[in-house]
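See below for data34.cif, which holds mmCIF, C-alpha atoms.
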```
data_my_file
loop_
_atom_site.label_atom_id
_atom_site.label_comp_id
_atom_site.auth_asym_id
_atom_site.auth_seq_id
_atom_site.Cartn_x
_atom_site.Cartn_y
_atom_site.Cartn_z
CA MET M 1 0.00 0.00 0.00
CA THR M 2 2.83 2.37 0.78
CA ALA M 3 3.82 2.61 -2.87
CA MET M 4 0.65 4.62 -3.41
CA LEU M 5 1.62 7.14 -0.76
CA HIS M 6 3.08 10.54 -1.37
CA ILE M 7 4.61 12.71 1.34
CA ARG M 8 4.63 16.46 0.89
CA GLU M 9 5.06 19.64 2.91
CA TYR M 10 2.04 20.67 5.00
CA GLN M 11 0.04 23.67 3.77
CA ALA M 12 -2.54 25.71 5.66
CA SER M 13 -5.44 24.18 3.73
CA ASP M 14 -4.52 20.75 5.20
CA TRP M 15 -5.47 21.86 8.71
CA LYS M 16 -9.11 20.79 8.52
CA ALA M 17 -8.01 17.29 7.51
CA ILE M 18 -5.28 16.76 10.10
CA LEU M 19 -6.93 18.45 13.09
CA PRO M 20 -9.39 15.56 13.71
CA MET M 21 -6.51 13.04 13.52
CA LEU M 22 -4.49 14.97 16.07
CA GLN M 23 -7.49 15.58 18.34
CA ALA M 24 -8.43 11.89 18.32
CA THR M 25 -4.84 10.85 19.01
CA PHE M 26 -4.36 13.23 21.93
CA LEU M 27 -7.84 12.49 23.28
CA ALA M 28 -7.03 8.78 23.49
CA GLY M 29 -4.26 9.70 25.94
CA ASP M 30 -2.17 6.61 25.28
CA THR M 31 0.69 7.79 23.04
CA TYR M 32 1.36 11.55 23.37
CA THR M 33 1.83 13.74 26.44
CA PHE M 34 -0.28 16.55 24.95
CA SER M 35 -3.33 16.99 27.13
CA PRO M 36 -6.48 15.15 25.97
CA LYS M 37 -8.18 18.52 26.53
CA SER M 38 -5.85 20.41 24.15
CA THR M 39 -7.61 23.20 22.27
CA GLU M 40 -7.38 23.65 18.51
CA ASN M 41 -5.00 26.58 19.02
CA GLU M 42 -2.73 24.53 21.28
CA ILE M 43 -2.67 21.66 18.80
CA HIS M 44 -1.90 24.04 15.92
CA ARG M 45 0.94 25.52 17.93
CA VAL M 46 2.64 22.20 18.77
CA TRP M 47 2.12 20.57 15.38
CA VAL M 48 2.55 23.48 12.94
CA GLU M 49 3.95 26.61 14.60
CA VAL M 50 6.68 25.30 16.91
CA PRO M 51 8.15 22.67 14.55
CA ALA M 52 10.64 23.62 11.84
CA ARG M 53 8.55 21.79 9.24
CA THR M 54 5.36 19.71 9.07
CA PHE M 55 4.51 17.10 6.45
CA VAL M 56 1.47 15.12 5.36
CA ALA M 57 1.22 11.68 3.76
CA CYS M 58 -1.43 11.44 1.02
CA ASP M 59 -2.87 8.69 -1.13
CA THR M 60 -3.14 9.01 -4.89
CA ALA M 61 -6.54 10.73 -4.52
CA GLY M 62 -4.92 13.36 -2.31
CA GLN M 63 -6.56 12.16 0.91
CA ILE M 64 -4.36 12.72 3.94
CA LEU M 65 -3.51 9.52 5.83
CA GLY M 66 -0.89 10.76 8.26
CA THR M 67 1.21 13.72 9.35
CA TYR M 68 4.51 14.38 11.05
CA PHE M 69 6.63 17.29 12.25
CA ILE M 70 10.37 17.80 12.61
CA LYS M 71 12.15 20.25 14.90
CA PRO M 72 15.40 20.66 16.81
CA ASN M 73 15.12 18.70 20.06
CA GLN M 74 17.17 21.25 22.00
CA PRO M 75 18.25 24.82 21.34
CA GLY M 76 21.80 25.94 20.53
CA LEU M 77 24.35 23.32 21.47
CA GLY M 78 21.88 20.44 21.20
CA ALA M 79 20.21 21.64 18.00
CA HIS M 80 22.02 19.12 15.81
CA VAL M 81 19.64 16.43 17.15
CA CYS M 82 16.09 16.58 15.83
CA ASN M 83 12.80 15.39 17.23
CA CYS M 84 9.79 14.19 15.24
CA GLY M 85 6.19 13.31 16.04
CA TYR M 86 4.04 11.11 13.78
CA VAL M 87 0.29 10.56 13.72
CA VAL M 88 -1.67 8.06 11.66
CA PRO M 89 -5.42 7.84 12.34
CA PRO M 90 -6.76 4.42 13.40
CA GLN M 91 -8.50 3.76 10.08
CA ALA M 92 -5.19 4.16 8.19
CA GLN M 93 -3.00 2.09 10.52
CA GLY M 94 -1.36 -1.14 9.48
CA ARG M 95 -0.49 0.12 6.00
CA GLY M 96 3.10 1.11 6.66
CA ILE M 97 2.37 4.84 6.75
CA ALA M 98 4.23 5.52 10.02
CA SER M 99 7.20 3.57 8.72
CA LEU M 100 7.24 5.53 5.47
CA MET M 101 6.92 8.85 7.29
CA CYS M 102 9.76 7.94 9.65
CA GLU M 103 12.05 7.01 6.76
CA HIS M 104 11.05 10.22 4.97
CA SER M 105 11.78 12.25 8.10
CA GLN M 106 15.26 10.76 8.40
CA VAL M 107 16.09 11.82 4.84
CA GLU M 108 14.70 15.30 5.49
CA ALA M 109 16.60 15.48 8.78
CA VAL M 110 19.94 14.81 7.12
CA ALA M 111 19.11 17.30 4.35
CA MET M 112 18.33 19.88 7.03
CA GLY M 113 21.72 19.26 8.66
CA PHE M 114 20.64 17.21 11.66
CA ARG M 115 23.07 14.53 12.85
CA ALA M 116 20.70 12.40 14.92
CA MET M 117 17.03 11.91 15.79
CA GLN M 118 15.64 11.55 19.31
CA PHE M 119 12.21 10.48 20.54
CA ASN M 120 11.92 11.85 24.07
CA PHE M 121 8.86 10.06 25.21
CA VAL M 122 7.80 6.75 23.67
CA VAL M 123 5.09 5.33 25.92
CA SER M 124 6.24 1.90 27.14
CA SER M 125 2.83 0.33 26.44
CA ASN M 126 3.01 1.41 22.80
CA ILE M 127 4.67 -1.84 21.74
CA ARG M 128 3.87 -1.41 18.06
CA ALA M 129 5.68 1.93 17.93
CA ILE M 130 8.69 0.65 19.88
CA ARG M 131 9.06 -2.33 17.54
CA LEU M 132 8.72 -0.10 14.50
CA TRP M 133 11.33 2.40 15.67
CA GLU M 134 13.72 -0.43 16.52
CA LYS M 135 13.18 -1.95 13.08
CA LEU M 136 14.03 1.45 11.59
CA GLY M 137 17.32 1.63 13.49
CA PHE M 138 16.42 3.42 16.70
CA SER M 139 17.72 2.20 20.07
CA VAL M 140 16.21 2.59 23.51
CA VAL M 141 18.75 4.81 25.29
CA GLY M 142 16.73 5.70 28.37
CA ARG M 143 13.77 4.71 30.53
CA LEU M 144 11.77 7.29 32.52
CA PRO M 145 10.04 5.63 35.49
CA LYS M 146 6.28 6.24 35.64
CA ALA M 147 6.74 9.40 33.56
CA PHE M 148 3.54 8.95 31.51
CA HIS M 149 0.05 9.19 32.97
CA HIS M 150 -1.73 6.68 30.76
CA GLN M 151 -5.48 7.27 30.76
CA GLN M 152 -6.23 3.56 31.20
CA LEU M 153 -3.08 2.06 32.76
CA GLY M 154 -2.12 4.84 35.20
CA TYR M 155 1.52 5.92 35.66
CA ILE M 156 3.76 3.90 33.34
CA ASP M 157 7.31 4.23 32.03
CA ALA M 158 8.30 6.19 28.94
CA LEU M 159 11.30 5.38 26.77
CA VAL M 160 13.89 7.63 25.18
CA MET M 161 14.83 6.36 21.71
CA PHE M 162 17.69 7.59 19.56
CA LYS M 163 19.28 7.10 16.16
CA GLU M 164 22.48 8.63 14.82
CA LEU M 165 21.96 9.70 11.21
CA THR M 166 25.52 10.56 10.23
CA PRO M 167 28.66 8.41 10.49
CA MET B 1 28.66 28.38 54.27
CA THR B 2 25.26 27.13 53.19
CA ALA B 3 23.75 27.91 56.59
CA MET B 4 24.08 31.57 55.67
CA LEU B 5 22.10 31.10 52.50
CA HIS B 6 18.48 31.99 51.97
CA ILE B 7 16.40 30.90 49.00
CA ARG B 8 13.46 33.01 47.95
CA GLU B 9 11.18 33.54 44.96
CA TYR B 10 12.67 35.55 42.09
CA GLN B 11 11.40 39.10 41.64
CA ALA B 12 11.81 41.38 38.62
CA SER B 13 14.40 43.56 40.39
CA ASP B 14 16.72 40.50 40.60
CA TRP B 15 17.15 40.44 36.83
CA LYS B 16 20.17 42.73 36.70
CA ALA B 17 21.96 40.47 39.21
CA ILE B 18 21.18 37.12 37.60
CA LEU B 19 21.49 38.06 33.92
CA PRO B 20 25.33 38.19 34.01
CA MET B 21 25.45 34.76 35.74
CA LEU B 22 23.22 33.25 33.09
CA GLN B 23 25.05 34.95 30.22
CA ALA B 24 28.43 33.74 31.50
CA THR B 25 27.14 30.21 31.99
CA PHE B 26 25.60 29.95 28.53
CA LEU B 27 28.60 31.69 26.92
CA ALA B 28 30.94 29.05 28.35
CA GLY B 29 29.01 26.46 26.32
CA ASP B 30 29.93 23.54 28.53
CA THR B 31 26.82 22.84 30.63
CA TYR B 32 23.62 24.15 29.00
CA THR B 33 22.26 23.73 25.49
CA PHE B 34 21.14 27.37 25.32
CA SER B 35 23.12 29.08 22.58
CA PRO B 36 26.25 30.97 23.72
CA LYS B 37 24.84 33.80 21.59
CA SER B 38 21.49 33.93 23.43
CA THR B 39 20.09 37.44 23.68
CA GLU B 40 18.89 38.98 26.93
CA ASN B 41 15.27 38.50 25.80
CA GLU B 42 15.87 34.82 25.01
CA ILE B 43 17.54 34.26 28.37
CA HIS B 44 14.68 36.03 30.18
CA ARG B 45 12.21 33.84 28.36
CA VAL B 46 13.83 30.51 29.23
CA TRP B 47 14.72 31.38 32.81
CA VAL B 48 11.77 33.51 33.94
CA GLU B 49 8.85 33.44 31.50
CA VAL B 50 8.61 29.77 30.49
CA PRO B 51 9.23 28.21 33.93
CA ALA B 52 6.44 27.88 36.47
CA ARG B 53 8.62 29.52 39.12
CA THR B 54 12.13 30.93 39.45
CA PHE B 55 14.14 31.24 42.67
CA VAL B 56 17.31 32.96 43.84
CA ALA B 57 19.78 31.99 46.58
CA CYS B 58 21.06 34.97 48.62
CA ASP B 59 23.63 35.47 51.34
CA THR B 60 22.79 37.34 54.55
CA ALA B 61 23.66 40.65 52.87
CA GLY B 62 21.10 39.90 50.15
CA GLN B 63 23.66 39.28 47.43
CA ILE B 64 22.47 36.71 44.91
CA LEU B 65 24.75 33.67 44.64
CA GLY B 66 22.65 31.38 42.48
CA THR B 67 19.33 30.87 40.75
CA TYR B 68 17.10 28.05 39.59
CA PHE B 69 13.83 27.47 37.79
CA ILE B 70 11.19 24.76 38.00
CA LYS B 71 8.67 23.78 35.34
CA PRO B 72 6.72 20.77 34.09
CA ASN B 73 9.02 18.69 31.89
CA GLN B 74 6.21 17.70 29.54
CA PRO B 75 2.68 18.99 28.92
CA GLY B 76 -0.52 17.18 29.94
CA LEU B 77 0.07 13.52 30.62
CA GLY B 78 3.73 14.01 31.51
CA ALA B 79 3.22 17.15 33.59
CA HIS B 80 3.61 15.31 36.91
CA VAL B 81 7.38 15.20 36.27
CA CYS B 82 9.19 18.51 36.70
CA ASN B 83 12.41 19.85 35.28
CA CYS B 84 14.81 22.30 36.95
CA GLY B 85 17.85 24.26 35.86
CA TYR B 86 20.42 25.63 38.33
CA VAL B 87 23.14 28.22 37.86
CA VAL B 88 25.87 29.22 40.32
CA PRO B 89 28.49 31.71 39.06
CA PRO B 90 32.15 30.55 39.18
CA GLN B 91 33.05 32.82 42.10
CA ALA B 92 30.33 31.24 44.27
CA GLN B 93 31.00 27.60 43.40
CA GLY B 94 32.23 25.06 45.96
CA ARG B 95 30.05 26.42 48.74
CA GLY B 96 27.20 23.96 48.46
CA ILE B 97 24.86 26.40 46.76
CA ALA B 98 23.81 24.07 43.93
CA SER B 99 23.20 21.31 46.45
CA LEU B 100 21.05 23.56 48.61
CA MET B 101 19.09 24.82 45.62
CA CYS B 102 18.49 21.26 44.40
CA GLU B 103 17.20 20.16 47.80
CA HIS B 104 15.02 23.29 47.97
CA SER B 105 13.66 22.56 44.51
CA GLN B 106 12.68 19.02 45.49
CA VAL B 107 10.67 20.34 48.44
CA GLU B 108 9.00 22.95 46.23
CA ALA B 109 8.35 20.32 43.56
CA VAL B 110 6.48 18.08 45.98
CA ALA B 111 4.54 21.08 47.34
CA MET B 112 3.58 21.96 43.75
CA GLY B 113 2.27 18.43 43.22
CA PHE B 114 5.09 17.00 41.11
CA ARG B 115 5.87 13.29 41.56
CA ALA B 116 9.36 13.19 40.06
CA MET B 117 12.17 15.38 38.74
CA GLN B 118 13.99 14.88 35.45
CA PHE B 119 17.17 16.46 34.09
CA ASN B 120 17.00 16.00 30.32
CA PHE B 121 20.47 16.96 29.39
CA VAL B 122 23.35 16.64 31.88
CA VAL B 123 26.54 17.09 29.87
CA SER B 124 28.68 13.97 30.34
CA SER B 125 31.85 16.00 30.92
CA ASN B 126 30.19 17.86 33.80
CA ILE B 127 31.43 15.33 36.35
CA ARG B 128 30.87 17.59 39.34
CA ALA B 129 27.19 17.99 38.51
CA ILE B 130 26.68 14.28 37.83
CA ARG B 131 28.26 13.37 41.19
CA LEU B 132 26.18 15.97 42.99
CA TRP B 133 22.89 14.83 41.46
CA GLU B 134 23.75 11.20 42.27
CA LYS B 135 24.55 12.17 45.85
CA LEU B 136 21.16 13.87 46.02
CA GLY B 137 19.35 10.73 44.90
CA PHE B 138 19.18 11.08 41.13
CA SER B 139 19.97 8.16 38.83
CA VAL B 140 21.27 8.16 35.29
CA VAL B 141 18.35 6.68 33.31
CA GLY B 142 19.54 7.49 29.80
CA ARG B 143 22.53 8.38 27.67
CA LEU B 144 22.21 10.45 24.48
CA PRO B 145 25.12 9.74 22.11
CA LYS B 146 27.01 12.88 21.01
CA ALA B 147 23.92 14.97 21.73
CA PHE B 148 25.84 17.97 23.12
CA HIS B 149 28.10 20.17 21.02
CA HIS B 150 30.67 21.10 23.66
CA GLN B 151 32.54 24.26 22.71
CA GLN B 152 35.92 22.72 23.59
CA LEU B 153 35.40 18.95 23.40
CA GLY B 154 33.17 18.70 20.31
CA TYR B 155 30.20 16.30 20.18
CA ILE B 156 29.89 14.46 23.49
CA ASP B 157 27.19 12.45 25.25
CA ALA B 158 24.50 13.92 27.45
CA LEU B 159 22.82 12.06 30.32
CA VAL B 160 19.19 11.89 31.36
CA MET B 161 18.90 11.87 35.18
CA PHE B 162 15.76 11.17 37.18
CA LYS B 163 14.50 11.03 40.76
CA GLU B 164 11.10 9.91 41.98
CA LEU B 165 9.92 12.27 44.70
CA THR B 166 6.86 10.39 45.94
CA PRO B 167 6.61 6.80 47.19
#
```

Taking this structure as input, can you express it in the form of structure tokens?
Amino acid sequence: MTAMLHIREYQASDWKAILPMLQATFLAGDTYTFSPKSTENEIHRVWVEVPARTFVACDTAGQILGTYFIKPNQPGLGAHVCNCGYVVPPQAQGRGIASLMCEHSQVEAVAMGFRAMQFNFVVSSNIRAIRLWEKLGFSVVGRLPKAFHHQQLGYIDALVMFKELTP
Amino acid sequence: MTAMLHIREYQASDWKAILPMLQATFLAGDTYTFSPKSTENEIHRVWVEVPARTFVACDTAGQILGTYFIKPNQPGLGAHVCNCGYVVPPQAQGRGIASLMCEHSQVEAVAMGFRAMQFNFVVSSNIRAIRLWEKLGFSVVGRLPKAFHHQQLGYIDALVMFKELTP
């Protein structure tokens, strides 16, 4: 299925398509720290305004099936390491879209001059994501005890995952 | 010496005293990721505006010998873990000021409802800080390969350190 996907830069007219995906993801409260009660303005800020760039994954009909952002993970002397966030709505999962977006983001990251990519907060119960990031070359480099307040499971660990992108 | 120290909430009139400490610390480029070229406005934002609270440590004459901030380390579902940053100028180091501020911050953190404290980015060459945080109950829970661009040593590792504050 992924061969039919096209990833392009986000544009303002995509907002109405990606907002419901982001709202549903944050509302579920099982993968991102963003509050389930985040307002549209807050979501726009974290997904579009704060990041350096935002992308969308589309099918051949132009329908958006996923989105991701890329930004420096730290200012100044840590700004050579980037951070990304990916969202695929439930109805589009299982088609390799997250995998494709992550590979795309690594290429973009190198082109933007980043030397590594860090995920600060992979929820330990999100086994599918952990396996996918490991398959794509990321390693677990840290474990944060009870750092995530899962809406069903309570306080559970979060993982720090990391991949060097340059030799 | 620490018995003579008093820690109180930051007030706007403290800015002229703490700005040079923060500028010198960031300029050295060996402990914080903030750019050595940070402007006064940028420094004010990260040390005073973004944090939930900022404190200063004073001697009996009222002279400021250190400062720290406290803030949630993540939004929403990670907001029960706080993050702090501490700065003591070179001429005041070795007097236990960082230790006292860290202990003070843990008490404040619990009073503010935080359950744990996380340092995201302890530079691996900053042995004195690592030893101090370990002495104060923090553990190294992660290692970020070459994530810090040290101004003398080049790309070196940064550590993630963590302490649970509630049983």

Could you work out how far atom CA of Gln106 of chain B lies from atom CA of Leu136 of chain B, giving the answer in Å with one decimal?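 Rounded to one decimal, the two atoms are 9.9 Å apart.
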
Quick check, in Å to one decimal: how far apart do atom CA of Ser125 of chain B and atom CA of Ala147 of chain B lie?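 Calculated distance between atom CA of Ser125 of chain B and atom CA of Ala147 of chain B is 12.2 Å.
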
Tell me as a PDB file with C-alpha atoms, in the frame of the given file which residues belonging to chain M come within 10 Å of chain B, counting all atoms listed in the file.
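And here is the file that came out, iface-v4.pdb:
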```pdb
ATOM      1  CA  PHE M  26      -4.360  13.230  21.930  1.00  0.00           C
ATOM      2  CA  GLY M  29      -4.260   9.700  25.940  1.00  0.00           C
ATOM      3  CA  ASP M  30      -2.170   6.610  25.280  1.00  0.00           C
ATOM      4  CA  THR M  31       0.690   7.790  23.040  1.00  0.00           C
ATOM      5  CA  TYR M  32       1.360  11.550  23.370  1.00  0.00           C
ATOM      6  CA  THR M  33       1.830  13.740  26.440  1.00  0.00           C
ATOM      7  CA  PHE M  34      -0.280  16.550  24.950  1.00  0.00           C
ATOM      8  CA  SER M  35      -3.330  16.990  27.130  1.00  0.00           C
ATOM      9  CA  PRO M  36      -6.480  15.150  25.970  1.00  0.00           C
ATOM     10  CA  LYS M  37      -8.180  18.520  26.530  1.00  0.00           C
ATOM     11  CA  SER M  38      -5.850  20.410  24.150  1.00  0.00           C
ATOM     12  CA  ASN M  73      15.120  18.700  20.060  1.00  0.00           C
ATOM     13  CA  GLN M  74      17.170  21.250  22.000  1.00  0.00           C
ATOM     14  CA  PRO M  75      18.250  24.820  21.340  1.00  0.00           C
ATOM     15  CA  GLY M  76      21.800  25.940  20.530  1.00  0.00           C
ATOM     16  CA  LEU M  77      24.350  23.320  21.470  1.00  0.00           C
ATOM     17  CA  GLY M  78      21.880  20.440  21.200  1.00  0.00           C
ATOM     18  CA  ALA M  79      20.210  21.640  18.000  1.00  0.00           C
ATOM     19  CA  HIS M  80      22.020  19.120  15.810  1.00  0.00           C
ATOM     20  CA  VAL M  81      19.640  16.430  17.150  1.00  0.00           C
ATOM     21  CA  CYS M  82      16.090  16.580  15.830  1.00  0.00           C
ATOM     22  CA  ARG M 115      23.070  14.530  12.850  1.00  0.00           C
ATOM     23  CA  ALA M 116      20.700  12.400  14.920  1.00  0.00           C
ATOM     24  CA  MET M 117      17.030  11.910  15.790  1.00  0.00           C
ATOM     25  CA  GLN M 118      15.640  11.550  19.310  1.00  0.00           C
ATOM     26  CA  ASN M 120      11.920  11.850  24.070  1.00  0.00           C
ATOM     27  CA  PHE M 121       8.860  10.060  25.210  1.00  0.00           C
ATOM     28  CA  VAL M 140      16.210   2.590  23.510  1.00  0.00           C
ATOM     29  CA  VAL M 141      18.750   4.810  25.290  1.00  0.00           C
ATOM     30  CA  GLY M 142      16.730   5.700  28.370  1.00  0.00           C
ATOM     31  CA  ARG M 143      13.770   4.710  30.530  1.00  0.00           C
ATOM     32  CA  LEU M 144      11.770   7.290  32.520  1.00  0.00           C
ATOM     33  CA  PRO M 145      10.040   5.630  35.490  1.00  0.00           C
ATOM     34  CA  LYS M 146       6.280   6.240  35.640  1.00  0.00           C
ATOM     35  CA  ALA M 147       6.740   9.400  33.560  1.00  0.00           C
ATOM     36  CA  PHE M 148       3.540   8.950  31.510  1.00  0.00           C
ATOM     37  CA  HIS M 149       0.050   9.190  32.970  1.00  0.00           C
ATOM     38  CA  HIS M 150      -1.730   6.680  30.760  1.00  0.00           C
ATOM     39  CA  GLN M 151      -5.480   7.270  30.760  1.00  0.00           C
ATOM     40  CA  TYR M 155       1.520   5.920  35.660  1.00  0.00           C
ATOM     41  CA  ALA M 158       8.300   6.190  28.940  1.00  0.00           C
ATOM     42  CA  LEU M 159      11.300   5.380  26.770  1.00  0.00           C
ATOM     43  CA  VAL M 160      13.890   7.630  25.180  1.00  0.00           C
ATOM     44  CA  MET M 161      14.830   6.360  21.710  1.00  0.00           C
ATOM     45  CA  PHE M 162      17.690   7.590  19.560  1.00  0.00           C
ATOM     46  CA  LYS M 163      19.280   7.100  16.160  1.00  0.00           C
ATOM     47  CA  GLU M 164      22.480   8.630  14.820  1.00  0.00           C
TER      48      GLU M 164
END
```

Go ahead and compute the interatomic distance for atom CA of Glu40 of chain B and atom CA of Pro72 of chain M, in Å to one decimal.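 Computing it gives 21.2 Å between the two atoms.
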
Selection under test: the PyMOL selection byres ((chain M and resi 48-64) around 9); residues as JSON, numbers by chain: {"M": [2, 4, 5, 6, 7, 8, 9, 10, 11, 14, 17, 18, 43, 44, 45, 46, 47, 65, 66, 67, 68, 69, 70, 71, 72, 84, 97, 100, 101, 105]}

Padding 3 Å on each side, edges along x, y and z: where is the centre of the box around the listed atoms of segment 41-44 of chain B, and how long are its edges in Å to one decimal? Output it as lines of an AutoDock Vina configuration file.
```
center_x = 16.1
center_y = 36.4
center_z = 27.6
size_x = 8.9
size_y = 10.2
size_z = 11.2
```

Using only C-alpha atoms, which residues sit within 8 Å of Met21 of chain M once same-chain residues fewer than 6 positions away are excluded, as a PyMOL selection string? chain M and resi 87-89
